[in-house]
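Engineer: Quick one: the structure is below, questions incoming.
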Amino acid sequence: MTGPATLRMTAEDFASLAACRPSSAALRVLRDGQVSRRLLMLKSVADVAREGAPGFWASHASAAWDLCIRARRTDVRAFEEVLLHPHVGVWLGRCLRASDGPRPALGSDLARLGGLAAAAALRAGLRPHLALPAPESLLWLPTLGDVRLPPGVGEVNLRGDVLEWGGRSLVVLGERERMAHHDEWHAPRRLTARAPGAPPLTVVLEDGDPYRDAHGHPVDGRQTAQQLRAWQASLTSAWHVLNRLVPERAVACAELWTALVPLRPSWTGRGVSSSAREAYGAIAVSCTADPVRLAETVVHETTHIVHAGLADLVDLADPEDRTLHRVGWRRDARPVASVLTGTHAHLSMIDFWRRRRQELTGEQARRADARLHHYGRQVAAALGMLQLHPALTSVGARFVAIMVEEAARCGFPVHPRSSVLPQGASSVRVASWGTPYQLRRPAASAAVQGGAGLARRARCGAKTSDGTTPGAD
């Protein structure tokens, strides 16, 4: 269960990622990489509980870990669906960061291991009996929902598929029973959009998950029935736009995007959106009635998801590089890795707006053209800097070369700068940057096999990507 996997993709599939038109085969590699990464992280969480909280291990965590193993052996696909729940990645990262340092801060996050094990077991068809801690009177069952318990209730008993506490019971898998009698139960709700000749898009509206607040913007609360209808209408309209403008990209969006986290609009009223590296598959966004804006956001944020998945498998830039660089869409100077992921996301906007301009006339066409050239100029300038950057690995250099080809195809040729080394007052060097915790990464088994693919032992870095809005990362 814990052995690292070696993953490979062809040169063509690698190029599809860099060119912002990811193939299904490439996306399967990214998915498998996330599974391997999270398996390693989950094993590390179990080790933390065993070594750092022996009392908790004996009373609860040992049984939860054994249940995880049983669930995976029983139905590996069901187990992986729980493991790949976007905000399980956030939970894993928090548990491991809390365990780092001379004084580990083990707390409520670690106690939620039982909820994950129970969800995996139930999804796998098992009907276990065990006590589940509910820190802060909240039981988290990823992919199934969460139970908001009365104040002071810190533990529930799971017997088969029934939760019991304080003389009350809840049938976890019985949709009709729990909806009729239990206001405490918050099940995730699904939104589905369809367009002619396109695969359906199904995402979970994550408005209750306790780990959804990881996107750099304030999250919205439980959505009302009216808000749910507004999200459904907005999603359906945006899905039609995506399939009309970039149908090949829409297929990838349907595979990549699994959860929608509602955000509050900014104080200016401007819409905001974000993706987080730990929350693979989730897009956080404020609701909008503009289908083109939502479609643009989905393309932009799913490109970030792709880039994060690839960066978890192979270094595109030297992680020790400390140079900072300015780009057109940010006021602050950015590390080269952030410049690369931002440029990649903006590159995906060029083809979107190129095709959008072609279907418009008059003033609308002029506005679309202005947006296209806004993105195009910024991307070309950033790629001109990245082309010669000494921090790029061989894989990163190939990635950038393909991006340059894609920009040129869309009408924005790249002219490399004579030097990208920061000079004088325009440069800033820092001692360190990133999150407080990062797992030690095993060395790559091979970064590139004969120039035709990549292979990497899946690793479990805990960095989170920048929250972004289209044109502002």
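Ordered as shown in the structure tokens, chains take letters A, B, and onward, while each chain numbers its residues from 1 and ligands are numbered from 1 in the order shown.
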Might you pull out every residue within 10 Å of range 48-65 of chain A, with only C-alpha atoms counted and same-chain residues fewer than 5 positions away left off, and present them as a list in words?

Structural biologist: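 The residues that qualify are Leu42, Lys43, Arg70, Ala71, Cys95, Leu96, Ala98, Ser99, Asp100, Arg103, Pro104, Ala105, Leu106, Gly107, Leu110, Ala111, Arg112, Leu113, Gly114, Gly115, Leu116, Ala117, Ala118, Ala121, His129, Leu130, Ala131, Leu132 and Pro133 of chain A.
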
Engineer: Skipping near chain neighbours, those fewer than 4 positions away, what residues fall within 8 Å of Val299 in chain A using only C-alpha atoms, listed as a PDB file with N, CA, C and O atoms, in the first residue's frame?

Structural biologist:
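Generated file (selection_15.pdb):
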```pdb
ATOM      1  N   ARG A 249     -10.621  21.119 -24.963  1.00  0.00           N
ATOM      2  CA  ARG A 249     -10.263  21.450 -23.588  1.00  0.00           C
ATOM      3  C   ARG A 249     -11.403  21.108 -22.628  1.00  0.00           C
ATOM      4  O   ARG A 249     -11.172  20.773 -21.459  1.00  0.00           O
ATOM      5  N   CYS A 253     -11.428  19.377 -18.916  1.00  0.00           N
ATOM      6  CA  CYS A 253     -12.051  20.009 -17.746  1.00  0.00           C
ATOM      7  C   CYS A 253     -12.980  19.037 -17.024  1.00  0.00           C
ATOM      8  O   CYS A 253     -13.037  19.005 -15.790  1.00  0.00           O
ATOM      9  N   ALA A 295     -16.558  30.301 -17.825  1.00  0.00           N
ATOM     10  CA  ALA A 295     -15.839  29.382 -18.713  1.00  0.00           C
ATOM     11  C   ALA A 295     -14.355  29.726 -18.744  1.00  0.00           C
ATOM     12  O   ALA A 295     -13.490  28.837 -18.693  1.00  0.00           O
ATOM     13  N   THR A 303      -5.965  24.624 -15.754  1.00  0.00           N
ATOM     14  CA  THR A 303      -4.557  24.637 -16.169  1.00  0.00           C
ATOM     15  C   THR A 303      -3.653  24.653 -14.950  1.00  0.00           C
ATOM     16  O   THR A 303      -2.603  23.989 -14.922  1.00  0.00           O
ATOM     17  N   SER A 348      -3.200  29.364 -21.602  1.00  0.00           N
ATOM     18  CA  SER A 348      -4.473  28.714 -21.918  1.00  0.00           C
ATOM     19  C   SER A 348      -5.550  29.726 -22.290  1.00  0.00           C
ATOM     20  O   SER A 348      -6.523  29.391 -22.971  1.00  0.00           O
ATOM     21  N   MET A 349      -5.390  30.982 -21.866  1.00  0.00           N
ATOM     22  CA  MET A 349      -6.362  32.022 -22.166  1.00  0.00           C
ATOM     23  C   MET A 349      -6.254  32.530 -23.603  1.00  0.00           C
ATOM     24  O   MET A 349      -7.211  33.046 -24.169  1.00  0.00           O
TER      25      MET A 349
END
```

Engineer: Check the smallest atom-to-atom distance from each of A:Ala225, A:Val156, A:Ala381, A:Leu144 to Ala120 in chain A using only C-alpha atoms, then report the winner.

Structural biologist: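 Among A:Ala225, A:Val156, A:Ala381, A:Leu144, it is A:Leu144 that comes nearest to Ala120 in chain A.
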
Engineer: Taking the chain letters and numbering used in this document, name the residues of range 241-440 of chain A that DSSP puts in alpha helix (DSSP H), as a ChimeraX atom specification.

Structural biologist: /A:241-245,247-256,291-311,336-358,362-386,394-409

Engineer: Any idea what the distance is between CA of Arg398 in chain A and CA of Ser23 in chain A?

Structural biologist: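 Rounded to one decimal, the two atoms are 17.4 Å apart.
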
Engineer: Taking only C-alpha atoms into account, name the residue in A:Arg190, A:Arg229, A:Arg127, A:Arg38 that is nearest to Leu67 in chain A.

Structural biologist: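 Closest to Leu67 in chain A, using only C-alpha atoms: A:Arg127.
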
Engineer: Restricting the calculation to only C-alpha atoms: of A:Leu163, A:Ala193, A:Leu256, A:Ala250, which residue gets closest to Ala233 in chain A?

Structural biologist: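 Answer, going by the shortest atom-to-atom distance: A:Ala193.
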
Engineer: Applying 10 Å and only C-alpha atoms, which residues near His87 in chain A remain after dropping the ones on its own chain fewer than 6 positions away? List them as JSON, numbers by chain.

Structural biologist: {"A": [93, 142, 143, 206, 209, 210, 211, 212, 213, 214, 259, 276, 278, 279, 280, 281, 282]}

Engineer: Which neighbours of Glu406 in chain A fall inside 9 Å, counting only C-alpha atoms, when residues of the same chain fewer than 3 positions from it are skipped, and could you give them as a list in words?

Structural biologist: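 In the requested format, the answer is Ala18, Ala19, Cys20, Leu347, Ala401, Ile402, Met403, Arg409, Cys410, Gly411 and Phe412 of chain A.
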
Engineer: Would you list the contacts of range 382-392 of chain A as a PyMOL selection string, taking every protein, DNA or RNA residue within 8 Å and counting only C-alpha atoms, but skipping same-chain residues closer than 6 positions in sequence?

Structural biologist: chain A and resi 316-318+321+327-328+336+339-340+343+400-401+403-404+414-417+419-421

Engineer: Quick one: distance from CA of Gly167 in chain A to CA of Trp185 in chain A in Å, one decimal?

Structural biologist: 16.1 Å

Engineer: Tell me, which residues of range 126-184 of chain A carry DSSP strand (DSSP E or B), written as a short mmCIF file (atom, residue, chain, number, x, y, z; two decimals) with all heavy atoms, in the first residue's frame?

Structural biologist:
```cif
data_model
loop_
_atom_site.label_atom_id
_atom_site.label_comp_id
_atom_site.auth_asym_id
_atom_site.auth_seq_id
_atom_site.Cartn_x
_atom_site.Cartn_y
_atom_site.Cartn_z
N HIS A 129 -17.48 -1.53 12.81
CA HIS A 129 -17.91 -1.06 14.11
C HIS A 129 -16.70 -0.41 14.78
O HIS A 129 -15.71 -1.08 15.06
CB HIS A 129 -18.41 -2.22 14.98
CG HIS A 129 -19.75 -2.74 14.57
ND1 HIS A 129 -20.65 -3.31 15.45
CD2 HIS A 129 -20.37 -2.79 13.35
CE1 HIS A 129 -21.73 -3.67 14.79
NE2 HIS A 129 -21.58 -3.38 13.52
N LEU A 130 -16.78 0.90 15.02
CA LEU A 130 -15.69 1.57 15.70
C LEU A 130 -16.15 2.93 16.21
O LEU A 130 -17.16 3.48 15.73
CB LEU A 130 -14.47 1.73 14.80
CG LEU A 130 -14.47 2.79 13.69
CD1 LEU A 130 -13.04 3.04 13.22
CD2 LEU A 130 -15.33 2.35 12.52
N ALA A 131 -15.39 3.45 17.19
CA ALA A 131 -15.66 4.77 17.73
C ALA A 131 -14.89 5.80 16.91
O ALA A 131 -13.72 5.61 16.58
CB ALA A 131 -15.21 4.85 19.19
N LEU A 132 -15.58 6.90 16.57
CA LEU A 132 -14.99 7.94 15.73
C LEU A 132 -14.92 9.25 16.50
O LEU A 132 -15.95 9.80 16.91
CB LEU A 132 -15.84 8.16 14.47
CG LEU A 132 -16.01 6.96 13.54
CD1 LEU A 132 -16.97 7.31 12.42
CD2 LEU A 132 -14.67 6.53 12.98
N PRO A 133 -13.71 9.79 16.73
CA PRO A 133 -13.61 11.11 17.35
C PRO A 133 -14.27 12.16 16.46
O PRO A 133 -14.21 12.07 15.23
CB PRO A 133 -12.10 11.33 17.46
CG PRO A 133 -11.48 9.98 17.36
CD PRO A 133 -12.39 9.19 16.47
N LEU A 138 -17.66 17.97 15.21
CA LEU A 138 -17.83 17.82 13.77
C LEU A 138 -17.23 16.49 13.34
O LEU A 138 -16.05 16.23 13.57
CB LEU A 138 -17.13 18.96 13.03
CG LEU A 138 -17.04 18.82 11.51
CD1 LEU A 138 -18.44 18.88 10.88
CD2 LEU A 138 -16.16 19.91 10.92
N LEU A 139 -18.06 15.65 12.71
CA LEU A 139 -17.57 14.40 12.13
C LEU A 139 -17.44 14.59 10.63
O LEU A 139 -18.41 14.90 9.94
CB LEU A 139 -18.54 13.26 12.43
CG LEU A 139 -18.14 11.90 11.84
CD1 LEU A 139 -16.85 11.39 12.46
CD2 LEU A 139 -19.26 10.88 12.02
N TRP A 140 -16.23 14.40 10.13
CA TRP A 140 -15.91 14.59 8.71
C TRP A 140 -15.81 13.24 8.03
O TRP A 140 -15.00 12.40 8.41
CB TRP A 140 -14.58 15.35 8.61
CG TRP A 140 -14.06 15.61 7.24
CD1 TRP A 140 -14.71 16.23 6.22
CD2 TRP A 140 -12.75 15.28 6.75
NE1 TRP A 140 -13.89 16.32 5.11
CE2 TRP A 140 -12.67 15.75 5.41
CE3 TRP A 140 -11.64 14.66 7.32
CZ2 TRP A 140 -11.53 15.59 4.64
CZ3 TRP A 140 -10.50 14.50 6.55
CH2 TRP A 140 -10.45 14.97 5.23
N LEU A 141 -16.65 13.03 7.03
CA LEU A 141 -16.65 11.80 6.25
C LEU A 141 -16.46 12.19 4.78
O LEU A 141 -17.43 12.37 4.04
CB LEU A 141 -17.97 11.03 6.42
CG LEU A 141 -18.30 10.56 7.84
CD1 LEU A 141 -19.73 10.05 7.91
CD2 LEU A 141 -17.33 9.48 8.29
N GLY A 145 -19.97 13.45 3.39
CA GLY A 145 -20.52 14.63 4.03
C GLY A 145 -19.94 14.82 5.41
O GLY A 145 -18.91 14.25 5.76
N ASP A 146 -20.60 15.66 6.20
CA ASP A 146 -20.16 15.86 7.57
C ASP A 146 -21.38 16.00 8.47
O ASP A 146 -22.47 16.38 8.02
CB ASP A 146 -19.25 17.09 7.69
CG ASP A 146 -19.90 18.35 7.15
OD1 ASP A 146 -20.67 18.98 7.91
OD2 ASP A 146 -19.66 18.71 5.99
N VAL A 147 -21.18 15.66 9.73
CA VAL A 147 -22.26 15.71 10.71
C VAL A 147 -21.91 16.77 11.74
O VAL A 147 -20.86 16.71 12.40
CB VAL A 147 -22.44 14.34 11.42
CG1 VAL A 147 -23.63 14.40 12.37
CG2 VAL A 147 -22.63 13.23 10.39
N ARG A 148 -22.79 17.77 11.88
CA ARG A 148 -22.62 18.83 12.87
C ARG A 148 -23.34 18.41 14.14
O ARG A 148 -24.57 18.42 14.21
CB ARG A 148 -23.20 20.14 12.35
CG ARG A 148 -22.75 20.50 10.93
CD ARG A 148 -21.35 21.05 10.90
NE ARG A 148 -20.83 21.15 9.54
CZ ARG A 148 -19.83 21.96 9.20
NH1 ARG A 148 -19.26 22.72 10.10
NH2 ARG A 148 -19.37 21.98 7.96
N GLU A 155 -17.54 12.45 20.24
CA GLU A 155 -17.30 11.11 19.70
C GLU A 155 -18.62 10.48 19.31
O GLU A 155 -19.65 10.70 19.96
CB GLU A 155 -16.58 10.24 20.73
CG GLU A 155 -16.18 8.86 20.22
CD GLU A 155 -15.32 8.09 21.21
OE1 GLU A 155 -14.12 8.43 21.35
OE2 GLU A 155 -15.85 7.17 21.87
N VAL A 156 -18.61 9.73 18.23
CA VAL A 156 -19.80 8.98 17.81
C VAL A 156 -19.38 7.54 17.56
O VAL A 156 -18.19 7.25 17.36
CB VAL A 156 -20.43 9.57 16.54
CG1 VAL A 156 -20.84 11.02 16.75
CG2 VAL A 156 -19.49 9.45 15.35
N ASN A 157 -20.34 6.65 17.60
CA ASN A 157 -20.08 5.24 17.30
C ASN A 157 -20.65 4.90 15.92
O ASN A 157 -21.79 5.26 15.60
CB ASN A 157 -20.73 4.34 18.36
CG ASN A 157 -20.04 4.47 19.70
OD1 ASN A 157 -18.82 4.43 19.78
ND2 ASN A 157 -20.83 4.63 20.76
N LEU A 158 -19.84 4.25 15.13
CA LEU A 158 -20.29 3.76 13.83
C LEU A 158 -20.54 2.26 13.96
O LEU A 158 -19.64 1.49 14.29
CB LEU A 158 -19.23 4.02 12.76
CG LEU A 158 -19.55 3.47 11.36
CD1 LEU A 158 -20.79 4.14 10.77
CD2 LEU A 158 -18.35 3.65 10.42
N ARG A 159 -21.75 1.85 13.69
CA ARG A 159 -22.13 0.44 13.74
C ARG A 159 -22.76 0.08 12.39
O ARG A 159 -23.91 0.41 12.14
CB ARG A 159 -23.09 0.17 14.89
CG ARG A 159 -22.50 0.58 16.25
CD ARG A 159 -23.34 0.10 17.41
NE ARG A 159 -22.79 0.56 18.68
CZ ARG A 159 -21.73 0.03 19.29
NH1 ARG A 159 -21.10 -0.98 18.72
NH2 ARG A 159 -21.28 0.52 20.43
N VAL A 162 -24.63 2.93 10.44
CA VAL A 162 -25.42 3.77 11.34
C VAL A 162 -24.48 4.48 12.32
O VAL A 162 -23.65 3.85 12.98
CB VAL A 162 -26.46 2.95 12.11
CG1 VAL A 162 -27.25 3.87 13.06
CG2 VAL A 162 -27.41 2.24 11.15
N LEU A 163 -24.62 5.80 12.41
CA LEU A 163 -23.91 6.58 13.41
C LEU A 163 -24.81 6.76 14.62
O LEU A 163 -26.01 7.04 14.48
CB LEU A 163 -23.54 7.96 12.85
CG LEU A 163 -22.51 8.00 11.72
CD1 LEU A 163 -22.44 9.41 11.14
CD2 LEU A 163 -21.14 7.56 12.23
N GLU A 164 -24.22 6.63 15.83
CA GLU A 164 -25.00 6.76 17.06
C GLU A 164 -24.30 7.71 18.02
O GLU A 164 -23.08 7.65 18.20
CB GLU A 164 -25.16 5.38 17.72
CG GLU A 164 -25.90 4.37 16.87
CD GLU A 164 -25.94 2.98 17.51
OE1 GLU A 164 -25.17 2.76 18.47
OE2 GLU A 164 -26.72 2.14 17.04
N TRP A 165 -25.07 8.59 18.62
CA TRP A 165 -24.55 9.48 19.66
C TRP A 165 -25.72 10.00 20.51
O TRP A 165 -26.79 10.28 20.00
CB TRP A 165 -23.79 10.66 19.04
CG TRP A 165 -24.67 11.69 18.38
CD1 TRP A 165 -25.20 12.82 18.93
CD2 TRP A 165 -25.17 11.66 17.03
NE1 TRP A 165 -25.98 13.50 18.02
CE2 TRP A 165 -25.96 12.82 16.85
CE3 TRP A 165 -25.00 10.77 15.96
CZ2 TRP A 165 -26.59 13.11 15.64
CZ3 TRP A 165 -25.63 11.07 14.76
CH2 TRP A 165 -26.42 12.21 14.60
N ARG A 168 -29.26 9.19 19.79
CA ARG A 168 -29.73 9.43 18.43
C ARG A 168 -28.97 8.54 17.46
O ARG A 168 -27.89 8.04 17.76
CB ARG A 168 -29.54 10.91 18.04
CG ARG A 168 -30.22 11.88 18.99
CD ARG A 168 -30.30 13.25 18.39
NE ARG A 168 -31.18 13.24 17.20
CZ ARG A 168 -31.40 14.32 16.45
NH1 ARG A 168 -30.78 15.46 16.71
NH2 ARG A 168 -32.21 14.25 15.40
N SER A 169 -29.52 8.38 16.26
CA SER A 169 -28.87 7.57 15.24
C SER A 169 -29.10 8.18 13.87
O SER A 169 -30.07 8.91 13.65
CB SER A 169 -29.39 6.13 15.28
OG SER A 169 -30.78 6.10 14.96
N LEU A 170 -28.17 7.89 12.97
CA LEU A 170 -28.22 8.42 11.62
C LEU A 170 -27.75 7.34 10.66
O LEU A 170 -26.64 6.80 10.81
CB LEU A 170 -27.31 9.65 11.50
CG LEU A 170 -27.01 10.17 10.09
CD1 LEU A 170 -28.28 10.67 9.42
CD2 LEU A 170 -25.99 11.29 10.14
N VAL A 171 -28.60 6.98 9.70
CA VAL A 171 -28.22 6.01 8.68
C VAL A 171 -27.40 6.75 7.63
O VAL A 171 -27.92 7.55 6.85
CB VAL A 171 -29.45 5.35 8.04
CG1 VAL A 171 -29.03 4.33 6.98
CG2 VAL A 171 -30.32 4.70 9.11
#
```

Engineer: Which is closest to Arg73 in chain A among A:His374, A:Leu126, A:Pro247, A:Pro135, if we use only C-alpha atoms?

Structural biologist: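 Checking each of A:His374, A:Leu126, A:Pro247, A:Pro135 against Arg73 in chain A, counting only C-alpha atoms, the winner is A:Leu126.
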
Engineer: Could you tell me which of A:Leu360, A:Val292, A:Leu83, A:Cys287 comes closest to Arg31 in chain A if we count only C-alpha atoms?

Structural biologist: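 Of all the options, A:Leu83 lies closest to Arg31 in chain A.
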